[in-house]
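Asks: Input file: model-v4.cif. Contents: mmCIF, C-alpha atoms.
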data_my_file
loop_
_atom_site.group_PDB
_atom_site.id
_atom_site.type_symbol
_atom_site.label_atom_id
_atom_site.label_comp_id
_atom_site.auth_asym_id
_atom_site.auth_seq_id
_atom_site.Cartn_x
_atom_site.Cartn_y
_atom_site.Cartn_z
ATOM 1 C CA MET Y 1 27.588 36.366 -30.590
ATOM 2 C CA GLU Y 2 27.404 33.518 -33.110
ATOM 3 C CA HIS Y 3 29.722 30.522 -32.778
ATOM 4 C CA GLY Y 4 33.093 31.328 -34.279
ATOM 5 C CA GLU Y 5 32.312 35.029 -34.727
ATOM 6 C CA THR Y 6 35.047 37.428 -33.709
ATOM 7 C CA HIS Y 7 34.533 41.003 -32.565
ATOM 8 C CA LEU Y 8 37.324 43.583 -32.596
ATOM 9 C CA THR Y 9 37.426 46.373 -30.027
ATOM 10 C CA GLY Y 10 39.711 49.271 -29.217
ATOM 11 C CA PRO Y 11 42.205 51.275 -31.250
ATOM 12 C CA LEU Y 12 44.253 49.344 -33.810
ATOM 13 C CA HIS Y 13 47.455 49.312 -31.737
ATOM 14 C CA ALA Y 14 45.667 48.000 -28.648
ATOM 15 C CA ARG Y 15 43.081 45.802 -30.293
ATOM 16 C CA SER Y 16 41.297 43.099 -28.314
ATOM 17 C CA LEU Y 17 39.571 40.150 -29.927
ATOM 18 C CA GLU Y 18 36.497 38.427 -28.548
ATOM 19 C CA THR Y 19 35.247 34.950 -29.314
ATOM 20 C CA PRO Y 20 32.268 33.177 -27.787
ATOM 21 C CA ARG Y 21 34.348 31.978 -24.806
ATOM 22 C CA LEU Y 22 37.485 34.126 -24.830
ATOM 23 C CA LEU Y 23 38.852 37.633 -24.600
ATOM 24 C CA LEU Y 24 42.217 38.067 -26.312
ATOM 25 C CA ARG Y 25 43.742 41.251 -24.963
ATOM 26 C CA ARG Y 26 46.953 43.106 -24.232
ATOM 27 C CA TRP Y 27 48.845 41.993 -21.145
ATOM 28 C CA HIS Y 28 48.089 43.564 -17.741
ATOM 29 C CA SER Y 29 50.568 43.915 -14.893
ATOM 30 C CA ASP Y 30 48.470 41.544 -12.768
ATOM 31 C CA ASP Y 31 48.889 38.741 -15.351
ATOM 32 C CA LEU Y 32 52.384 37.912 -14.106
ATOM 33 C CA ASP Y 33 51.451 35.373 -11.422
ATOM 34 C CA GLY Y 34 48.975 33.508 -13.624
ATOM 35 C CA PHE Y 35 51.359 33.352 -16.565
ATOM 36 C CA ALA Y 36 54.257 32.361 -14.282
ATOM 37 C CA ALA Y 37 52.156 29.398 -13.120
ATOM 38 C CA VAL Y 38 51.622 28.325 -16.758
ATOM 39 C CA ASN Y 39 55.351 28.615 -17.491
ATOM 40 C CA ALA Y 40 56.313 26.707 -14.320
ATOM 41 C CA ASP Y 41 54.412 23.578 -15.399
ATOM 42 C CA PRO Y 42 56.844 21.022 -16.903
ATOM 43 C CA GLU Y 43 54.086 19.417 -18.963
ATOM 44 C CA VAL Y 44 53.108 22.769 -20.531
ATOM 45 C CA MET Y 45 56.737 23.636 -21.274
ATOM 46 C CA ARG Y 46 57.749 20.178 -22.531
ATOM 47 C CA TYR Y 47 57.588 21.243 -26.193
ATOM 48 C CA ILE Y 48 58.449 24.936 -25.743
ATOM 49 C CA HIS Y 49 61.945 26.031 -26.815
ATOM 50 C CA ASP Y 50 64.376 23.711 -24.978
ATOM 51 C CA GLY Y 51 61.707 22.202 -22.710
ATOM 52 C CA ARG Y 52 62.752 24.000 -19.530
ATOM 53 C CA THR Y 53 60.243 25.724 -17.260
ATOM 54 C CA LEU Y 54 60.452 29.454 -16.565
ATOM 55 C CA ASP Y 55 60.504 31.009 -13.125
ATOM 56 C CA ARG Y 56 58.662 34.214 -12.171
ATOM 57 C CA ALA Y 57 61.613 36.483 -13.100
ATOM 58 C CA ALA Y 58 62.015 34.870 -16.528
ATOM 59 C CA THR Y 59 58.256 35.138 -17.079
ATOM 60 C CA ALA Y 60 58.392 38.855 -16.200
ATOM 61 C CA GLU Y 61 61.143 39.281 -18.814
ATOM 62 C CA ARG Y 62 59.007 37.494 -21.403
ATOM 63 C CA LEU Y 63 56.022 39.723 -20.650
ATOM 64 C CA ALA Y 64 58.220 42.808 -21.104
ATOM 65 C CA THR Y 65 59.381 41.392 -24.451
ATOM 66 C CA TYR Y 66 55.770 40.725 -25.498
ATOM 67 C CA ARG Y 67 54.812 44.331 -24.659
ATOM 68 C CA ARG Y 68 57.792 45.701 -26.641
ATOM 69 C CA HIS Y 69 56.804 43.547 -29.625
ATOM 70 C CA TRP Y 70 53.324 45.117 -29.592
ATOM 71 C CA ASP Y 71 54.808 48.619 -29.378
ATOM 72 C CA GLU Y 72 57.337 48.004 -32.162
ATOM 73 C CA ARG Y 73 55.223 45.976 -34.604
ATOM 74 C CA GLY Y 74 51.581 46.749 -33.843
ATOM 75 C CA PHE Y 75 50.765 43.077 -33.218
ATOM 76 C CA GLY Y 76 51.844 40.431 -30.784
ATOM 77 C CA LEU Y 77 50.876 37.744 -28.327
ATOM 78 C CA HIS Y 78 47.479 38.295 -26.708
ATOM 79 C CA ALA Y 79 46.723 37.278 -23.144
ATOM 80 C CA VAL Y 80 43.864 34.748 -23.386
ATOM 81 C CA GLU Y 81 41.218 35.323 -20.749
ATOM 82 C CA ILE Y 82 38.199 33.102 -20.131
ATOM 83 C CA ARG Y 83 35.267 35.494 -20.560
ATOM 84 C CA GLU Y 84 32.976 33.727 -18.103
ATOM 85 C CA THR Y 85 35.452 33.720 -15.195
ATOM 86 C CA GLY Y 86 38.154 36.282 -16.036
ATOM 87 C CA GLU Y 87 40.847 33.607 -15.581
ATOM 88 C CA LEU Y 88 44.092 33.930 -17.538
ATOM 89 C CA ALA Y 89 44.432 30.778 -19.644
ATOM 90 C CA GLY Y 90 47.693 31.638 -21.444
ATOM 91 C CA PHE Y 91 48.399 33.322 -24.778
ATOM 92 C CA THR Y 92 47.660 33.188 -28.475
ATOM 93 C CA GLY Y 93 48.971 35.594 -31.060
ATOM 94 C CA LEU Y 94 51.579 36.645 -33.552
ATOM 95 C CA ALA Y 95 55.347 36.906 -33.322
ATOM 96 C CA VAL Y 96 58.354 37.067 -35.605
ATOM 97 C CA PRO Y 97 60.159 33.689 -35.379
ATOM 98 C CA THR Y 98 63.752 34.929 -35.487
ATOM 99 C CA PHE Y 99 64.796 31.733 -33.638
ATOM 100 C CA LEU Y 100 64.422 29.926 -37.004
ATOM 101 C CA PRO Y 101 66.366 32.110 -39.484
ATOM 102 C CA GLU Y 102 65.845 29.785 -42.457
ATOM 103 C CA ILE Y 103 62.149 30.718 -42.707
ATOM 104 C CA MET Y 104 62.570 34.471 -42.315
ATOM 105 C CA PRO Y 105 60.949 36.820 -43.127
ATOM 106 C CA ALA Y 106 57.839 35.379 -41.514
ATOM 107 C CA VAL Y 107 55.096 35.977 -38.978
ATOM 108 C CA GLU Y 108 54.244 33.061 -36.706
ATOM 109 C CA ILE Y 109 50.980 32.295 -34.985
ATOM 110 C CA GLY Y 110 51.430 30.528 -31.680
ATOM 111 C CA TRP Y 111 49.688 29.621 -28.447
ATOM 112 C CA ARG Y 112 50.411 28.380 -24.946
ATOM 113 C CA LEU Y 113 47.634 27.486 -22.546
ATOM 114 C CA GLY Y 114 47.739 26.194 -18.992
ATOM 115 C CA ARG Y 115 47.040 22.493 -18.677
ATOM 116 C CA ALA Y 116 43.620 23.129 -17.091
ATOM 117 C CA TYR Y 117 42.529 24.609 -20.438
ATOM 118 C CA TRP Y 118 43.696 21.805 -22.730
ATOM 119 C CA GLY Y 119 41.311 19.604 -24.694
ATOM 120 C CA ARG Y 120 38.462 22.123 -24.855
ATOM 121 C CA GLY Y 121 39.121 23.664 -28.277
ATOM 122 C CA LEU Y 122 40.267 26.958 -26.744
ATOM 123 C CA ALA Y 123 43.608 27.126 -28.605
ATOM 124 C CA THR Y 124 41.814 26.615 -31.916
ATOM 125 C CA GLU Y 125 39.096 29.142 -31.067
ATOM 126 C CA ALA Y 126 41.660 31.769 -30.063
ATOM 127 C CA ALA Y 127 43.945 31.068 -33.027
ATOM 128 C CA ARG Y 128 41.060 31.359 -35.508
ATOM 129 C CA ALA Y 129 40.340 34.839 -34.144
ATOM 130 C CA VAL Y 130 43.997 35.798 -34.580
ATOM 131 C CA VAL Y 131 44.080 34.447 -38.151
ATOM 132 C CA ALA Y 132 40.960 36.470 -39.022
ATOM 133 C CA HIS Y 133 42.538 39.578 -37.474
ATOM 134 C CA ALA Y 134 45.818 39.015 -39.350
ATOM 135 C CA ARG Y 135 43.940 38.690 -42.619
ATOM 136 C CA ALA Y 136 41.366 41.471 -42.256
ATOM 137 C CA GLU Y 137 43.046 44.072 -40.070
ATOM 138 C CA LEU Y 138 46.798 43.582 -40.419
ATOM 139 C CA GLY Y 139 46.841 42.718 -44.110
ATOM 140 C CA LEU Y 140 49.263 39.842 -43.623
ATOM 141 C CA ARG Y 141 49.525 37.505 -46.593
ATOM 142 C CA ARG Y 142 51.025 34.433 -44.954
ATOM 143 C CA LEU Y 143 51.387 32.871 -41.516
ATOM 144 C CA VAL Y 144 53.590 30.085 -40.244
ATOM 145 C CA SER Y 145 53.355 28.007 -37.095
ATOM 146 C CA ILE Y 146 56.142 25.909 -35.620
ATOM 147 C CA HIS Y 147 56.058 22.975 -33.242
ATOM 148 C CA VAL Y 148 58.638 20.660 -31.765
ATOM 149 C CA VAL Y 149 58.323 17.181 -33.271
ATOM 150 C CA GLY Y 150 56.105 15.148 -30.953
ATOM 151 C CA ASN Y 151 53.740 17.978 -30.049
ATOM 152 C CA GLU Y 152 50.787 16.484 -31.884
ATOM 153 C CA ALA Y 153 48.232 18.646 -30.042
ATOM 154 C CA SER Y 154 49.728 21.787 -31.602
ATOM 155 C CA ALA Y 155 49.953 20.073 -34.990
ATOM 156 C CA ARG Y 156 46.209 19.338 -34.796
ATOM 157 C CA VAL Y 157 45.445 23.016 -34.119
ATOM 158 C CA MET Y 158 47.593 24.014 -37.106
ATOM 159 C CA ILE Y 159 45.708 21.611 -39.369
ATOM 160 C CA LYS Y 160 42.324 22.838 -38.045
ATOM 161 C CA LEU Y 161 43.411 26.375 -38.977
ATOM 162 C CA GLY Y 162 43.979 25.217 -42.551
ATOM 163 C CA MET Y 163 47.756 25.117 -42.399
ATOM 164 C CA SER Y 164 49.879 22.592 -44.254
ATOM 165 C CA LEU Y 165 53.203 21.056 -43.347
ATOM 166 C CA GLU Y 166 55.917 22.967 -45.164
ATOM 167 C CA ARG Y 167 59.115 21.441 -43.783
ATOM 168 C CA GLU Y 168 60.839 19.662 -40.945
ATOM 169 C CA THR Y 169 64.110 21.147 -39.771
ATOM 170 C CA VAL Y 170 66.280 21.719 -36.702
ATOM 171 C CA GLN Y 171 65.988 24.746 -34.440
ATOM 172 C CA PRO Y 172 69.569 26.090 -34.328
ATOM 173 C CA ASP Y 173 69.653 27.271 -30.713
ATOM 174 C CA THR Y 174 68.200 24.087 -29.186
ATOM 175 C CA GLY Y 175 69.027 21.334 -31.683
ATOM 176 C CA ARG Y 176 65.406 20.154 -31.453
ATOM 177 C CA ARG Y 177 63.586 18.941 -34.551
ATOM 178 C CA VAL Y 178 60.670 21.198 -35.470
ATOM 179 C CA ARG Y 179 57.925 21.182 -38.069
ATOM 180 C CA VAL Y 180 56.911 24.348 -39.862
ATOM 181 C CA TYR Y 181 53.315 24.672 -41.037
ATOM 182 C CA ALA Y 182 52.164 27.530 -43.270
ATOM 183 C CA MET Y 183 49.083 29.085 -44.811
ATOM 184 C CA ASP Y 184 48.365 31.875 -47.257
ATOM 185 C CA LEU Y 185 45.818 34.400 -46.065
#
Would you encode the structure as structure tokens?
Replies:
Amino acid sequence: MEHGETHLTGPLHARSLETPRLLLRRWHSDDLDGFAAVNADPEVMRYIHDGRTLDRAATAERLATYRRHWDERGFGLHAVEIRETGELAGFTGLAVPTFLPEIMPAVEIGWRLGRAYWGRGLATEAARAVVAHARAELGLRRLVSIHVVGNEASARVMIKLGMSLERETVQPDTGRRVRVYAMDL
């Protein structure tokens, strides 16, 4: 596979995406422990929602929500697996950002990787595959991405994807300042 090339496999509703280093796939039941470890890391969760970590039960609830989103909308957050090792690194994918009503209707691209996977370009690689899928397969016309002010690593990924800063605002349920980036597809 050429660098940056993305391959799509499986039926549309259960589509997996492959990049040179990653498999983006639907969630498996045995992903819970690995994803719970990501969500339990205070440094990973520092810029997520209100900054609090999630325990195993809360992570299980999130995974159930992610699965429902796929079933209801035909897209969602992919589990990101390292192809070489089979390790779960976190997620990348699409969601509807209802937590920020002022930008609705919208589809958001987002990512969360365990700290061991930071600084290697994996979030950008995975997100590029999702953008290509959104454009070619889902027919979406626009994507947004949102980060808490201060999360410059996520801002850099957004810029690498070709997104531009659209606005800075306050997330109503947390009171945290966020920046909204956007791109036309």
Asks: May I ask which of the residues Y:Ile109, Y:Ala153, Y:Ala182, Y:Val148 is the closest one to Ala129 (chain Y), counting only C-alpha atoms?
Replies: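 The answer is Y:Ile109, which sits nearest to Ala129 (chain Y).
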Asks: When the PyMOL selection byres ((chain Y and resi 58-65) around 10) is applied to the structure above, which residues does it catch, written out as a list in words?
Replies: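 Evaluating the PyMOL selection byres ((chain Y and resi 58-65) around 10) on these coordinates yields Trp27, His28, Ser29, Asp31, Leu32, Asp33, Phe35, Ala36, Ala37, Val38, Asn39, Ala40, Thr53, Leu54, Asp55, Arg56, Ala57, Tyr66, Arg67, Arg68, His69, Trp70, Asp71, Gly76, Leu77 and Ala79 of chain Y.
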Asks: Got time to write the residues from that selection, C-alpha atoms, as an mmCIF file, keeping the file's coordinate frame?
Replies:
data_model
loop_
_atom_site.group_PDB
_atom_site.id
_atom_site.type_symbol
_atom_site.label_atom_id
_atom_site.label_comp_id
_atom_site.auth_asym_id
_atom_site.auth_seq_id
_atom_site.Cartn_x
_atom_site.Cartn_y
_atom_site.Cartn_z
ATOM 1 C CA TRP Y 27 48.845 41.993 -21.145
ATOM 2 C CA HIS Y 28 48.089 43.564 -17.741
ATOM 3 C CA SER Y 29 50.568 43.915 -14.893
ATOM 4 C CA ASP Y 31 48.889 38.741 -15.351
ATOM 5 C CA LEU Y 32 52.384 37.912 -14.106
ATOM 6 C CA ASP Y 33 51.451 35.373 -11.422
ATOM 7 C CA PHE Y 35 51.359 33.352 -16.565
ATOM 8 C CA ALA Y 36 54.257 32.361 -14.282
ATOM 9 C CA ALA Y 37 52.156 29.398 -13.120
ATOM 10 C CA VAL Y 38 51.622 28.325 -16.758
ATOM 11 C CA ASN Y 39 55.351 28.615 -17.491
ATOM 12 C CA ALA Y 40 56.313 26.707 -14.320
ATOM 13 C CA THR Y 53 60.243 25.724 -17.260
ATOM 14 C CA LEU Y 54 60.452 29.454 -16.565
ATOM 15 C CA ASP Y 55 60.504 31.009 -13.125
ATOM 16 C CA ARG Y 56 58.662 34.214 -12.171
ATOM 17 C CA ALA Y 57 61.613 36.483 -13.100
ATOM 18 C CA TYR Y 66 55.770 40.725 -25.498
ATOM 19 C CA ARG Y 67 54.812 44.331 -24.659
ATOM 20 C CA ARG Y 68 57.792 45.701 -26.641
ATOM 21 C CA HIS Y 69 56.804 43.547 -29.625
ATOM 22 C CA TRP Y 70 53.324 45.117 -29.592
ATOM 23 C CA ASP Y 71 54.808 48.619 -29.378
ATOM 24 C CA GLY Y 76 51.844 40.431 -30.784
ATOM 25 C CA LEU Y 77 50.876 37.744 -28.327
ATOM 26 C CA ALA Y 79 46.723 37.278 -23.144
#
Asks: Using the chain letters and residue numbers of this document, give as a ChimeraX atom specification the residues selected by the PyMOL selection byres ((chain Y and resi 177) around 6).
Replies: /Y:148-149,169-170,176,178
Asks: Any idea what the distance is between CA of Ser154 (chain Y) and CA of Trp111 (chain Y)?
Replies: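 Interatomic distance here is 8.4 Å.
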Asks: Find, counting all atoms listed in the file, the residue in Y:Ile146, Y:Leu140, Y:Val80, Y:Leu165 that gets nearest to His49 (chain Y).
Replies: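 Going through Y:Ile146, Y:Leu140, Y:Val80, Y:Leu165 one by one, the smallest distance to His49 (chain Y) is for Y:Ile146.
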Asks: Go ahead and fit an axis-aligned box to every listed atom of region 128-138 of chain Y plus 6 Å each side, and pass me the centre and edge lengths in Å, one decimal, as lines of an AutoDock Vina configuration file.
Replies:
center_x = 43.6
center_y = 37.7
center_z = -38.4
size_x = 18.5
size_y = 24.7
size_z = 20.5
Asks: Do you know which residues the PyMOL selection byres ((chain Y and resi 127) around 8) returns on this file, as an NGL selection string?
Replies: :Y and (92-93 or 109-111 or 123-126 or 128-131 or 161)
Asks: Please write region 144-177 of chain Y of the preceding block to a file containing N, CA and C atoms, as an mmCIF file, in the first residue's frame?
Replies:
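Once written, out_7.cif looks like this:
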data_model
loop_
_atom_site.group_PDB
_atom_site.id
_atom_site.type_symbol
_atom_site.label_atom_id
_atom_site.label_comp_id
_atom_site.auth_asym_id
_atom_site.auth_seq_id
_atom_site.Cartn_x
_atom_site.Cartn_y
_atom_site.Cartn_z
ATOM 1 N N VAL Y 144 -16.553 19.491 10.735
ATOM 2 C CA VAL Y 144 -15.996 20.365 11.753
ATOM 3 C C VAL Y 144 -15.132 19.523 12.682
ATOM 4 N N SER Y 145 -14.303 20.188 13.446
ATOM 5 C CA SER Y 145 -13.543 19.548 14.510
ATOM 6 C C SER Y 145 -13.415 20.573 15.628
ATOM 7 N N ILE Y 146 -13.500 20.105 16.854
ATOM 8 C CA ILE Y 146 -13.587 21.002 18.008
ATOM 9 C C ILE Y 146 -12.528 20.608 19.016
ATOM 10 N N HIS Y 147 -11.822 21.603 19.538
ATOM 11 C CA HIS Y 147 -10.867 21.306 20.611
ATOM 12 C C HIS Y 147 -10.964 22.357 21.703
ATOM 13 N N VAL Y 148 -10.694 21.909 22.923
ATOM 14 C CA VAL Y 148 -10.623 22.820 24.053
ATOM 15 C C VAL Y 148 -9.405 23.711 23.852
ATOM 16 N N VAL Y 149 -9.572 25.014 24.116
ATOM 17 C CA VAL Y 149 -8.458 25.946 23.982
ATOM 18 C C VAL Y 149 -7.295 25.443 24.841
ATOM 19 N N GLY Y 150 -6.122 25.409 24.238
ATOM 20 C CA GLY Y 150 -4.925 24.891 24.894
ATOM 21 C C GLY Y 150 -4.464 23.563 24.323
ATOM 22 N N ASN Y 151 -5.358 22.854 23.655
ATOM 23 C CA ASN Y 151 -5.003 21.557 23.078
ATOM 24 C C ASN Y 151 -4.391 21.779 21.691
ATOM 25 N N GLU Y 152 -3.167 22.241 21.705
ATOM 26 C CA GLU Y 152 -2.498 22.606 20.442
ATOM 27 C C GLU Y 152 -2.182 21.391 19.580
ATOM 28 N N ALA Y 153 -1.993 20.220 20.184
ATOM 29 C CA ALA Y 153 -1.730 19.015 19.388
ATOM 30 C C ALA Y 153 -2.921 18.714 18.485
ATOM 31 N N SER Y 154 -4.138 18.809 19.015
ATOM 32 C CA SER Y 154 -5.319 18.578 18.175
ATOM 33 C C SER Y 154 -5.464 19.669 17.132
ATOM 34 N N ALA Y 155 -5.174 20.905 17.502
ATOM 35 C CA ALA Y 155 -5.247 22.006 16.530
ATOM 36 C C ALA Y 155 -4.301 21.741 15.358
ATOM 37 N N ARG Y 156 -3.118 21.220 15.640
ATOM 38 C CA ARG Y 156 -2.159 20.924 14.557
ATOM 39 C C ARG Y 156 -2.706 19.854 13.615
ATOM 40 N N VAL Y 157 -3.365 18.831 14.159
ATOM 41 C CA VAL Y 157 -3.961 17.802 13.302
ATOM 42 C C VAL Y 157 -5.035 18.442 12.424
ATOM 43 N N MET Y 158 -5.866 19.287 12.988
ATOM 44 C CA MET Y 158 -6.927 19.943 12.228
ATOM 45 C C MET Y 158 -6.346 20.745 11.063
ATOM 46 N N ILE Y 159 -5.286 21.470 11.327
ATOM 47 C CA ILE Y 159 -4.644 22.271 10.274
ATOM 48 C C ILE Y 159 -4.033 21.357 9.212
ATOM 49 N N LYS Y 160 -3.390 20.259 9.622
ATOM 50 C CA LYS Y 160 -2.822 19.311 8.653
ATOM 51 C C LYS Y 160 -3.900 18.707 7.756
ATOM 52 N N LEU Y 161 -5.119 18.572 8.290
ATOM 53 C CA LEU Y 161 -6.229 18.046 7.487
ATOM 54 C C LEU Y 161 -6.757 19.067 6.485
ATOM 55 N N GLY Y 162 -6.334 20.314 6.625
ATOM 56 C CA GLY Y 162 -6.820 21.368 5.738
ATOM 57 C C GLY Y 162 -7.970 22.169 6.319
ATOM 58 N N MET Y 163 -8.187 22.038 7.600
ATOM 59 C CA MET Y 163 -9.264 22.776 8.257
ATOM 60 C C MET Y 163 -8.795 24.180 8.617
ATOM 61 N N SER Y 164 -9.771 25.069 8.762
ATOM 62 C CA SER Y 164 -9.495 26.445 9.153
ATOM 63 C C SER Y 164 -10.313 26.798 10.382
ATOM 64 N N LEU Y 165 -9.745 27.663 11.207
ATOM 65 C CA LEU Y 165 -10.444 28.115 12.401
ATOM 66 C C LEU Y 165 -11.685 28.889 11.984
ATOM 67 N N GLU Y 166 -12.818 28.460 12.510
ATOM 68 C CA GLU Y 166 -14.089 29.109 12.192
ATOM 69 C C GLU Y 166 -14.548 30.032 13.312
ATOM 70 N N ARG Y 167 -14.385 29.590 14.554
ATOM 71 C CA ARG Y 167 -14.827 30.411 15.688
ATOM 72 C C ARG Y 167 -14.257 29.875 16.991
ATOM 73 N N GLU Y 168 -14.264 30.744 17.988
ATOM 74 C CA GLU Y 168 -13.989 30.353 19.361
ATOM 75 C C GLU Y 168 -15.253 30.652 20.142
ATOM 76 N N THR Y 169 -15.635 29.736 21.004
ATOM 77 C CA THR Y 169 -16.887 29.868 21.738
ATOM 78 C C THR Y 169 -16.758 29.124 23.066
ATOM 79 N N VAL Y 170 -17.868 29.007 23.774
ATOM 80 C CA VAL Y 170 -17.890 28.305 25.055
ATOM 81 C C VAL Y 170 -18.802 27.096 24.936
ATOM 82 N N GLN Y 171 -18.309 25.953 25.404
ATOM 83 C CA GLN Y 171 -19.125 24.741 25.426
ATOM 84 C C GLN Y 171 -20.122 24.874 26.577
ATOM 85 N N PRO Y 172 -21.431 24.869 26.274
ATOM 86 C CA PRO Y 172 -22.433 25.164 27.304
ATOM 87 C C PRO Y 172 -22.403 24.248 28.521
ATOM 88 N N ASP Y 173 -22.179 22.961 28.342
ATOM 89 C CA ASP Y 173 -22.287 22.050 29.483
ATOM 90 C C ASP Y 173 -21.044 22.001 30.366
ATOM 91 N N THR Y 174 -19.929 22.571 29.901
ATOM 92 C CA THR Y 174 -18.708 22.553 30.715
ATOM 93 C C THR Y 174 -18.196 23.948 31.038
ATOM 94 N N GLY Y 175 -18.602 24.943 30.252
ATOM 95 C CA GLY Y 175 -18.087 26.298 30.424
ATOM 96 C C GLY Y 175 -16.676 26.475 29.896
ATOM 97 N N ARG Y 176 -16.130 25.451 29.239
ATOM 98 C CA ARG Y 176 -14.768 25.529 28.704
ATOM 99 C C ARG Y 176 -14.769 26.222 27.345
ATOM 100 N N ARG Y 177 -13.731 27.012 27.101
ATOM 101 C CA ARG Y 177 -13.574 27.660 25.804
ATOM 102 C C ARG Y 177 -13.118 26.610 24.791
#
